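Pasted below: run21.csv, CSV, C-alpha atoms and all ligand atoms.
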chain,number,residue,atom,x,y,z
N,1,MET,CA,-35.2,67.2,27.9
N,2,SER,CA,-38.2,65.0,27.7
N,3,ARG,CA,-36.0,61.8,28.2
N,4,ILE,CA,-34.8,63.2,31.5
N,5,ASN,CA,-38.3,64.0,32.6
N,6,LEU,CA,-39.5,60.5,31.6
N,7,LYS,CA,-36.8,59.2,34.0
N,8,LYS,CA,-37.9,61.5,36.7
N,9,ALA,CA,-41.5,60.4,36.3
N,10,ALA,CA,-40.5,56.7,36.4
N,11,ALA,CA,-38.4,57.4,39.6
N,12,ALA,CA,-41.3,59.2,41.3
N,13,ILE,CA,-43.6,56.3,40.4
N,14,LYS,CA,-41.2,53.8,42.0
N,15,LYS,CA,-40.9,56.0,45.1
N,16,TYR,CA,-44.6,56.5,46.1
N,17,ASN,CA,-47.2,53.9,47.0
N,18,ARG,CA,-50.7,55.3,47.1
N,19,PHE,CA,-51.7,57.0,43.8
N,20,LEU,CA,-54.5,59.2,42.7
N,21,ILE,CA,-54.8,59.1,38.9
N,22,SER,CA,-56.9,61.7,37.0
N,23,ALA,CA,-57.3,63.3,33.6
N,24,HIS,CA,-59.5,66.1,32.1
N,25,THR,CA,-63.3,66.5,32.4
N,26,SER,CA,-65.3,65.0,29.5
N,27,PRO,CA,-62.8,62.2,29.2
N,28,GLU,CA,-62.2,60.7,25.7
N,29,GLY,CA,-60.0,58.0,24.4
N,30,ASP,CA,-56.6,59.4,25.3
N,31,ALA,CA,-57.7,60.5,28.8
N,32,LEU,CA,-59.3,57.1,29.6
N,33,GLY,CA,-56.6,55.1,27.8
N,34,SER,CA,-53.7,56.7,29.6
N,35,GLU,CA,-55.5,56.5,33.0
N,36,LEU,CA,-56.3,52.8,32.7
N,37,ALA,CA,-52.9,51.8,31.3
N,38,LEU,CA,-51.2,53.7,34.1
N,39,TYR,CA,-53.5,52.0,36.6
N,40,PHE,CA,-52.5,48.6,35.3
N,41,LEU,CA,-48.8,49.7,35.4
N,42,LEU,CA,-49.1,50.6,39.1
N,43,LYS,CA,-50.9,47.3,39.8
N,44,LYS,CA,-48.0,45.4,38.2
N,45,LEU,CA,-45.7,47.3,40.6
N,46,GLY,CA,-47.9,46.3,43.6
N,47,LYS,CA,-49.0,49.9,44.3
N,48,GLN,CA,-52.4,51.2,45.3
N,49,ALA,CA,-54.1,53.3,42.8
N,50,VAL,CA,-57.5,54.9,42.3
N,51,ILE,CA,-58.7,56.6,39.2
N,52,ILE,CA,-61.0,59.6,40.0
N,53,ASN,CA,-62.7,61.6,37.3
N,54,GLU,CA,-65.3,64.3,37.4
N,55,ASP,CA,-67.3,62.9,34.5
N,56,PRO,CA,-68.5,59.4,33.8
N,57,LEU,CA,-67.1,57.1,31.1
N,58,PRO,CA,-68.9,57.7,27.8
N,59,PRO,CA,-70.9,54.6,26.7
N,60,GLU,CA,-68.8,54.2,23.6
N,61,TYR,CA,-65.8,53.3,25.8
N,62,SER,CA,-67.6,50.8,27.9
N,63,PHE,CA,-65.6,47.9,26.3
N,64,LEU,CA,-62.5,48.9,28.1
N,65,ALA,CA,-61.2,46.5,30.8
N,66,GLY,CA,-60.7,48.1,34.2
N,67,LYS,CA,-63.4,50.7,33.6
N,68,ASP,CA,-65.0,49.7,36.9
N,69,SER,CA,-61.9,50.9,38.7
N,70,ILE,CA,-62.8,54.5,37.7
N,71,ARG,CA,-64.6,56.4,40.5
N,72,LEU,CA,-66.6,59.5,40.0
N,73,TYR,CA,-65.6,62.5,42.2
N,74,THR,CA,-67.5,63.1,45.4
N,75,PRO,CA,-66.3,65.2,48.3
N,76,ALA,CA,-66.2,62.1,50.5
N,77,LEU,CA,-63.2,60.8,48.5
N,78,LYS,CA,-61.0,63.3,50.4
N,79,ASP,CA,-60.9,60.6,53.1
N,80,ILE,CA,-58.7,58.4,51.0
N,81,SER,CA,-55.1,59.2,51.7
N,82,PHE,CA,-52.7,59.5,48.7
N,83,ASP,CA,-49.0,60.1,48.6
N,84,CYS,CA,-48.8,61.0,44.9
N,85,ALA,CA,-51.1,62.2,42.1
N,86,VAL,CA,-50.5,61.5,38.4
N,87,ILE,CA,-52.4,63.9,36.1
N,88,LEU,CA,-52.7,62.8,32.5
N,89,ASP,CA,-53.5,64.7,29.3
N,90,CYS,CA,-54.1,68.1,31.0
N,91,THR,CA,-52.6,71.5,30.2
N,92,ASP,CA,-53.3,72.7,33.8
N,93,LEU,CA,-54.8,71.4,37.0
N,94,GLY,CA,-58.1,73.2,36.4
N,95,ARG,CA,-58.7,70.7,33.6
N,96,ILE,CA,-59.5,67.9,36.1
N,97,GLY,CA,-62.4,69.9,37.4
N,98,GLU,CA,-63.7,69.1,40.9
N,99,VAL,CA,-61.1,66.4,41.3
N,100,SER,CA,-58.5,69.2,42.0
N,101,ARG,CA,-60.1,69.6,45.4
N,102,LEU,CA,-58.4,66.3,46.4
N,103,ILE,CA,-55.0,67.9,45.7
N,104,ASN,CA,-53.3,70.1,48.2
N,105,ASP,CA,-49.8,71.6,48.3
N,106,ALA,CA,-48.5,68.7,50.3
N,107,LEU,CA,-49.4,66.1,47.6
N,108,PRO,CA,-46.7,65.7,44.9
N,109,VAL,CA,-48.1,65.9,41.4
N,110,ILE,CA,-46.6,64.1,38.4
N,111,ASN,CA,-47.8,65.9,35.2
N,112,ILE,CA,-47.7,63.7,32.1
N,113,ASP,CA,-48.9,65.5,29.0
N,114,HIS,CA,-48.4,66.1,25.3
N,115,HIS,CA,-50.0,69.5,24.9
N,116,ILE,CA,-47.6,72.2,23.7
N,117,SER,CA,-49.5,74.8,26.0
N,118,ASN,CA,-48.9,72.7,29.2
N,119,LYS,CA,-48.5,74.9,32.2
N,120,LYS,CA,-45.9,72.7,34.0
N,121,PHE,CA,-48.0,72.5,37.2
N,122,GLY,CA,-46.4,69.4,38.7
N,123,ALA,CA,-43.6,68.6,41.0
N,124,VAL,CA,-42.4,66.4,38.1
N,125,ASN,CA,-43.4,67.7,34.6
N,126,TRP,CA,-43.0,65.2,31.8
N,127,VAL,CA,-44.3,67.1,28.8
N,128,ASP,CA,-43.6,66.0,25.3
N,129,ALA,CA,-45.4,67.9,22.6
N,130,GLN,CA,-43.9,65.5,20.0
N,131,ALA,CA,-45.8,62.6,21.5
N,132,SER,CA,-49.1,61.8,19.7
N,133,SER,CA,-50.9,61.2,22.9
N,134,ALA,CA,-50.6,60.8,26.6
N,135,SER,CA,-51.2,57.1,25.9
N,136,GLU,CA,-48.1,57.0,23.8
N,137,MET,CA,-46.2,58.5,26.7
N,138,VAL,CA,-47.6,55.8,29.1
N,139,PHE,CA,-46.5,53.3,26.5
N,140,ARG,CA,-42.9,54.7,26.8
N,141,LEU,CA,-43.2,54.6,30.6
N,142,TYR,CA,-43.8,50.8,30.4
N,143,LYS,CA,-40.7,50.5,28.2
N,144,GLU,CA,-38.7,52.7,30.5
N,145,MET,CA,-39.7,50.6,33.5
N,146,ARG,CA,-39.3,47.3,31.6
N,147,LEU,CA,-42.9,46.2,32.3
N,148,PRO,CA,-44.6,43.9,29.9
N,149,PHE,CA,-47.9,44.8,28.3
N,150,ASP,CA,-50.9,42.4,28.5
N,151,ALA,CA,-54.3,42.4,26.9
N,152,ASP,CA,-55.8,44.7,29.6
N,153,SER,CA,-53.1,47.4,29.2
N,154,ALA,CA,-52.6,47.1,25.5
N,155,LEU,CA,-56.2,47.9,24.5
N,156,PRO,CA,-56.5,51.3,26.4
N,157,LEU,CA,-53.1,52.4,25.0
N,158,TYR,CA,-54.2,51.5,21.5
N,159,VAL,CA,-57.5,53.3,22.0
N,160,GLY,CA,-55.7,56.5,23.3
N,161,ILE,CA,-53.3,56.5,20.4
N,162,MET,CA,-55.9,55.8,17.8
N,163,THR,CA,-58.3,58.5,18.9
N,164,ASP,CA,-55.7,61.3,19.5
N,165,THR,CA,-54.2,60.7,16.0
N,166,GLY,CA,-57.6,60.8,14.3
N,167,SER,CA,-57.0,57.1,13.5
N,168,PHE,CA,-53.4,57.6,12.5
N,169,ARG,CA,-53.9,60.4,10.0
N,170,TYR,CA,-53.0,63.7,11.9
N,171,SER,CA,-49.6,65.2,11.8
N,172,ASN,CA,-48.8,63.9,15.3
N,173,THR,CA,-48.6,60.4,13.8
N,174,SER,CA,-45.0,59.3,13.8
N,175,VAL,CA,-42.9,56.2,13.0
N,176,PHE,CA,-42.9,55.6,16.8
N,177,THR,CA,-46.7,55.9,16.9
N,178,HIS,CA,-47.1,53.1,14.4
N,179,LYS,CA,-44.4,51.0,16.0
N,180,ALA,CA,-46.2,51.3,19.4
N,181,ALA,CA,-49.6,50.6,17.8
N,182,GLY,CA,-48.1,47.5,16.0
N,183,GLU,CA,-46.6,46.2,19.3
N,184,LEU,CA,-50.0,46.7,21.1
N,185,LEU,CA,-51.9,44.9,18.3
N,186,ARG,CA,-50.1,41.7,19.1
N,187,PHE,CA,-52.5,41.3,22.0
N,188,GLY,CA,-55.1,40.4,19.5
N,189,PHE,CA,-58.1,42.7,20.2
N,190,ASN,CA,-60.7,43.3,17.5
N,191,VAL,CA,-59.7,46.5,15.8
N,192,PRO,CA,-62.8,46.9,13.6
N,193,LEU,CA,-65.0,46.4,16.7
N,194,VAL,CA,-62.9,48.9,18.7
N,195,TYR,CA,-63.3,51.5,15.9
N,196,ARG,CA,-67.0,50.8,15.5
N,197,SER,CA,-67.7,51.1,19.3
N,198,ILE,CA,-66.0,54.5,19.3
N,199,TYR,CA,-66.9,56.1,16.0
N,200,GLU,CA,-69.8,54.2,14.6
N,201,ASN,CA,-72.0,54.1,17.6
N,202,ILE,CA,-73.8,57.4,17.4
N,203,PRO,CA,-77.4,57.6,18.7
N,204,PHE,CA,-79.8,58.6,15.9
N,205,THR,CA,-81.0,61.6,17.9
N,206,ASP,CA,-77.5,62.9,17.8
N,207,ILE,CA,-77.4,62.4,14.0
N,208,GLN,CA,-80.5,64.5,13.8
N,209,LEU,CA,-78.7,67.2,15.8
N,210,LEU,CA,-75.7,66.8,13.5
N,211,ILE,CA,-77.8,67.4,10.4
N,212,LYS,CA,-79.3,70.5,11.9
N,213,THR,CA,-75.9,71.8,12.8
N,214,LEU,CA,-74.3,71.1,9.5
N,215,SER,CA,-77.1,73.0,7.7
N,216,TYR,CA,-75.6,76.1,9.1
N,217,ILE,CA,-72.0,76.0,8.1
N,218,HIS,CA,-70.6,79.4,7.5
N,219,ARG,CA,-67.5,80.3,5.6
N,220,THR,CA,-65.4,83.4,5.5
N,221,SER,CA,-61.9,84.6,4.3
N,222,ALA,CA,-62.3,83.2,0.8
N,223,GLY,CA,-63.4,79.8,2.2
N,224,LYS,CA,-60.3,79.4,4.4
N,225,ILE,CA,-62.3,79.5,7.6
N,226,ALA,CA,-65.5,77.6,8.3
N,227,TRP,CA,-67.6,77.5,11.5
N,228,VAL,CA,-70.7,76.2,13.0
N,229,GLU,CA,-72.6,77.2,16.1
N,230,LEU,CA,-74.4,75.1,18.6
N,231,PRO,CA,-76.7,77.7,20.4
N,232,ALA,CA,-78.3,76.7,23.7
N,233,LYS,CA,-81.8,76.6,22.1
N,234,LEU,CA,-80.6,73.8,19.8
N,235,LEU,CA,-79.1,71.8,22.7
N,236,ARG,CA,-81.6,72.6,25.4
N,237,HIS,CA,-84.2,69.9,24.6
N,238,LYS,CA,-81.6,67.3,24.5
N,239,LYS,CA,-79.1,65.8,26.8
N,240,LEU,CA,-76.1,65.2,24.7
N,241,SER,CA,-75.2,61.6,25.3
N,242,PHE,CA,-72.5,61.6,22.7
N,243,ASP,CA,-69.8,64.2,22.1
N,244,LEU,CA,-70.4,65.3,18.5
N,245,THR,CA,-67.6,67.9,18.6
N,246,ASP,CA,-65.1,65.7,16.9
N,247,HIS,CA,-67.5,64.4,14.3
N,248,ILE,CA,-68.7,67.9,13.3
N,249,LEU,CA,-65.2,69.3,13.2
N,250,SER,CA,-63.7,66.5,11.2
N,251,PHE,CA,-66.5,67.0,8.7
N,252,ILE,CA,-65.9,70.7,8.3
N,253,ARG,CA,-62.1,70.2,8.1
N,254,GLY,CA,-62.7,68.1,5.0
N,255,ILE,CA,-64.1,71.1,3.0
N,256,ARG,CA,-61.8,72.0,0.1
N,257,ASP,CA,-59.5,75.0,0.8
N,258,ILE,CA,-60.2,75.1,4.5
N,259,GLN,CA,-57.4,76.2,6.8
N,260,ALA,CA,-59.3,76.4,10.1
N,261,ALA,CA,-62.6,74.9,11.4
N,262,VAL,CA,-64.4,76.2,14.4
N,263,LEU,CA,-67.2,75.0,16.6
N,264,PHE,CA,-68.9,77.5,18.9
N,265,LYS,CA,-71.0,75.9,21.6
N,266,GLU,CA,-73.1,77.8,24.2
N,267,ASN,CA,-72.6,76.3,27.6
N,268,LEU,CA,-75.9,75.2,29.0
N,269,GLY,CA,-74.9,75.6,32.6
N,270,VAL,CA,-73.5,79.1,32.5
N,271,ARG,CA,-75.0,82.2,30.8
N,272,ASN,CA,-72.8,83.8,28.2
N,273,GLU,CA,-70.1,81.2,28.3
N,274,ILE,CA,-69.0,79.8,25.0
N,275,ARG,CA,-66.8,76.7,24.4
N,276,VAL,CA,-64.8,77.1,21.3
N,277,ASN,CA,-63.1,74.1,19.6
N,278,LEU,CA,-60.6,74.7,16.8
N,279,ARG,CA,-59.1,72.5,14.2
N,280,SER,CA,-56.4,73.4,11.6
N,281,THR,CA,-55.5,71.5,8.5
N,282,GLY,CA,-51.8,72.3,9.2
N,283,LEU,CA,-51.1,75.8,8.1
N,284,VAL,CA,-52.7,77.8,10.9
N,285,ASP,CA,-51.5,77.4,14.5
N,286,VAL,CA,-54.8,77.1,16.4
N,287,ASN,CA,-53.0,76.7,19.7
N,288,LYS,CA,-51.9,80.3,19.3
N,289,VAL,CA,-55.4,81.4,18.6
N,290,ALA,CA,-56.8,79.5,21.6
N,291,GLN,CA,-54.0,80.8,23.9
N,292,ALA,CA,-55.1,84.4,23.0
N,293,PHE,CA,-58.3,83.5,24.8
N,294,GLY,CA,-56.8,81.7,27.8
N,295,GLY,CA,-57.1,78.2,26.3
N,296,GLY,CA,-54.6,76.1,24.4
N,297,GLY,CA,-53.9,72.6,23.1
N,298,HIS,CA,-52.0,71.6,19.9
N,299,LYS,CA,-51.0,73.4,16.7
N,300,THR,CA,-53.8,71.6,14.8
N,301,ALA,CA,-56.4,71.0,17.5
N,302,SER,CA,-57.2,73.3,20.4
N,303,GLY,CA,-59.9,74.9,22.5
N,304,CYS,CA,-60.8,77.7,24.8
N,305,THR,CA,-63.8,78.9,26.9
N,306,VAL,CA,-64.7,82.5,26.2
N,307,HIS,CA,-67.2,84.7,28.1
N,308,GLY,CA,-69.6,86.8,26.1
N,309,LYS,CA,-72.5,86.6,23.7
N,310,LEU,CA,-72.2,84.0,21.0
N,311,ALA,CA,-72.0,86.5,18.2
N,312,ASP,CA,-69.4,88.6,19.9
N,313,VAL,CA,-67.2,85.7,20.8
N,314,ARG,CA,-67.5,84.4,17.3
N,315,LYS,CA,-66.4,87.7,15.8
N,316,LYS,CA,-63.4,88.0,18.1
N,317,VAL,CA,-62.2,84.4,17.6
N,318,ILE,CA,-62.6,84.6,13.8
N,319,ALA,CA,-60.7,87.9,13.7
N,320,LYS,CA,-57.8,86.2,15.6
N,321,ILE,CA,-57.8,83.3,13.2
N,322,GLN,CA,-57.7,85.7,10.2
N,323,GLN,CA,-54.5,87.2,11.6
N,324,ASN,CA,-53.0,83.7,11.6
N,325,LEU,CA,-54.1,82.6,8.1
N,326,LYS,CA,-51.4,81.7,5.6
L,1,MN,MN,-54.4,63.7,24.4
Would you write the structure of this file as structure tokens?
Amino acid sequence: MSRINLKKAAAAIKKYNRFLISAHTSPEGDALGSELALYFLLKKLGKQAVIINEDPLPPEYSFLAGKDSIRLYTPALKDISFDCAVILDCTDLGRIGEVSRLINDALPVINIDHHISNKKFGAVNWVDAQASSASEMVFRLYKEMRLPFDADSALPLYVGIMTDTGSFRYSNTSVFTHKAAGELLRFGFNVPLVYRSIYENIPFTDIQLLIKTLSYIHRTSAGKIAWVELPAKLLRHKKLSFDLTDHILSFIRGIRDIQAAVLFKENLGVRNEIRVNLRSTGLVDVNKVAQAFGGGGHKTASGCTVHGKLADVRKKVIAKIQQNLK
């Protein structure tokens, strides 16, 4: 199934000429990596392409070549005419935020994604929940189209695969993932430097916030569930320059006997809106939990946005996880 849809995606890419590329808001390694590598692929084919994102590139990814080709969404961009949109690493079109205003019914959408909860919103839907990352899928697209990698395209693909596999240690890491990473490594980029830019580049003020957060880890269900809360009052005085979500969650995941880790974050912009990020050590299907609240993702990593007071949302979500404990 996924092989047929890979061919359909490749055929559509050959057919069209002016591409809009986008991925989810708050872009991280996989969103940026797959966007940039696809951009270079289209350039190799002599196509026009513009990457448009709602949110800026986080500073820890500023080493990526081609980052200057990413444009931030403004309504004026509707004057550019596209004949195809490729959406990467998104379960649904809403995930690209404001950029979705540039997409109307007449514009064919190619949906390339690896989330099991994908809503198949495209004219072409190449969804492969077995793939470690959208970047691994773009890697396969290069292979399918017999296009060579170069230093510019290899680095973002490596970055996307590395970040979405938790540096090759999550269950989505396959033989193919390592083979792909091995092939990309031949282009000779500095792996320790890449790792350090992304993971060891945390502003000290964020570490202070991390310390505050971690001093309130709660556990329940005989220590199988652990959670932390980021209430607005903790976040208000500080503009988060660095996304701590992953760091906090990977720390909690490491607690002995944990099956599920949850981070509840009060949205600063909207009252009574809570962003919930979930991680599982493998036994609990947190995609199922997130889907119960209108979100989704992967079996071991997912998220949802829930409306209500922090304490109420927390109770509801924890209860749902408890139903899914092993
Ligand atoms: Mn991804």
At most 7 Å from ligand MN 1 (chain L) (all atoms listed in the file): residue list as JSON, numbers by chain: {"N": [30, 31, 89, 114, 133, 134, 164]}
Atomic distance atom CA of Arg3 of chain N - atom CA of Val86 of chain N, expressed in Å with one decimal: 17.7 Å
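Shortest atom-to-atom contact with Phe82 of chain N among N:Lys47, N:Arg186, N:Arg219, N:Lys233: N:Lys47, counting all atoms listed in the file.
Each of N:Ala131, N:Val138, N:Cys90, N:Leu107 was compared to Phe40 of chain N using only C-alpha atoms, and N:Val138 turns out to be the nearest.
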Residue among N:Tyr158, N:Tyr195, N:Phe251, N:Trp126 lying closest to His178 of chain N, counting all atoms listed in the file: N:Tyr158
For Arg101 of chain N, the nearest of the candidates N:Ser174, N:Asn125, N:Gln48, N:Ser22, counting all atoms listed in the file: N:Ser22
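With distances restricted to only C-alpha atoms, N:Trp227 is the closest residue to Arg253 of chain N from N:His307, N:Ala76, N:Trp227, N:Ser34.
The shortest atom-to-atom distance to Gly303 of chain N, with all atoms listed in the file taken into account, belongs to N:Ser117 out of N:Asn53, N:Ser117, N:Asn272, N:Gln208.
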Would you please take segment 276-287 of chain N of the structure in the block above and write all heavy atoms to a file as a short mmCIF file (atom, residue, chain, number, x, y, z; two decimals), in the first residue's frame?
data_model
loop_
_atom_site.label_atom_id
_atom_site.label_comp_id
_atom_site.auth_asym_id
_atom_site.auth_seq_id
_atom_site.Cartn_x
_atom_site.Cartn_y
_atom_site.Cartn_z
N VAL N 276 -1.30 19.00 25.74
CA VAL N 276 -0.92 17.78 26.45
C VAL N 276 0.03 16.98 25.57
O VAL N 276 -0.31 16.64 24.43
CB VAL N 276 -2.17 16.92 26.78
CG1 VAL N 276 -1.79 15.69 27.59
CG2 VAL N 276 -3.23 17.75 27.52
N ASN N 277 1.23 16.71 26.06
CA ASN N 277 2.18 15.87 25.33
C ASN N 277 2.37 14.56 26.08
O ASN N 277 2.57 14.57 27.30
CB ASN N 277 3.52 16.58 25.17
CG ASN N 277 3.44 17.72 24.17
OD1 ASN N 277 3.29 18.87 24.54
ND2 ASN N 277 3.49 17.39 22.90
N LEU N 278 2.29 13.47 25.34
CA LEU N 278 2.36 12.15 25.98
C LEU N 278 3.51 11.33 25.41
O LEU N 278 3.77 11.37 24.21
CB LEU N 278 1.05 11.39 25.72
CG LEU N 278 -0.22 12.04 26.25
CD1 LEU N 278 -1.24 12.21 25.15
CD2 LEU N 278 -0.80 11.22 27.38
N ARG N 279 4.15 10.55 26.29
CA ARG N 279 5.18 9.62 25.84
C ARG N 279 4.92 8.28 26.53
O ARG N 279 4.51 8.25 27.69
CB ARG N 279 6.59 10.08 26.22
CG ARG N 279 7.03 11.37 25.57
CD ARG N 279 7.32 11.22 24.08
NE ARG N 279 7.84 12.46 23.53
CZ ARG N 279 7.10 13.48 23.10
NH1 ARG N 279 5.77 13.41 23.16
NH2 ARG N 279 7.66 14.56 22.63
N SER N 280 5.18 7.20 25.80
CA SER N 280 5.03 5.88 26.38
C SER N 280 6.35 5.14 26.28
O SER N 280 7.13 5.39 25.35
CB SER N 280 3.95 5.12 25.60
OG SER N 280 4.11 3.73 25.75
N THR N 281 6.60 4.25 27.22
CA THR N 281 7.83 3.46 27.13
C THR N 281 7.61 2.23 26.24
O THR N 281 8.51 1.43 26.07
CB THR N 281 8.31 3.03 28.52
OG1 THR N 281 7.21 2.42 29.22
CG2 THR N 281 8.81 4.22 29.33
N GLY N 282 6.39 2.06 25.72
CA GLY N 282 6.16 0.97 24.77
C GLY N 282 4.89 0.17 25.03
O GLY N 282 4.27 -0.33 24.10
N LEU N 283 4.48 0.07 26.30
CA LEU N 283 3.32 -0.77 26.61
C LEU N 283 2.00 -0.04 26.35
O LEU N 283 1.07 -0.60 25.78
CB LEU N 283 3.37 -1.22 28.07
CG LEU N 283 4.49 -2.22 28.42
CD1 LEU N 283 4.59 -2.42 29.93
CD2 LEU N 283 4.23 -3.58 27.73
N VAL N 284 1.93 1.21 26.74
CA VAL N 284 0.68 1.97 26.58
C VAL N 284 0.65 2.63 25.21
O VAL N 284 1.64 3.21 24.76
CB VAL N 284 0.59 3.07 27.67
CG1 VAL N 284 -0.70 3.87 27.52
CG2 VAL N 284 0.68 2.46 29.05
N ASP N 285 -0.51 2.55 24.55
CA ASP N 285 -0.68 3.20 23.25
C ASP N 285 -1.16 4.63 23.49
O ASP N 285 -2.36 4.88 23.65
CB ASP N 285 -1.70 2.41 22.42
CG ASP N 285 -1.87 2.97 21.02
OD1 ASP N 285 -1.38 4.10 20.76
OD2 ASP N 285 -2.49 2.29 20.19
N VAL N 286 -0.22 5.59 23.52
CA VAL N 286 -0.62 6.97 23.82
C VAL N 286 -1.27 7.67 22.63
O VAL N 286 -1.89 8.72 22.78
CB VAL N 286 0.54 7.83 24.41
CG1 VAL N 286 0.92 7.35 25.80
CG2 VAL N 286 1.75 7.87 23.49
N ASN N 287 -1.14 7.08 21.44
CA ASN N 287 -1.91 7.62 20.29
C ASN N 287 -3.40 7.47 20.58
O ASN N 287 -4.19 8.37 20.31
CB ASN N 287 -1.52 6.88 19.01
CG ASN N 287 -2.40 7.30 17.84
OD1 ASN N 287 -2.54 8.47 17.55
ND2 ASN N 287 -3.05 6.33 17.20
#
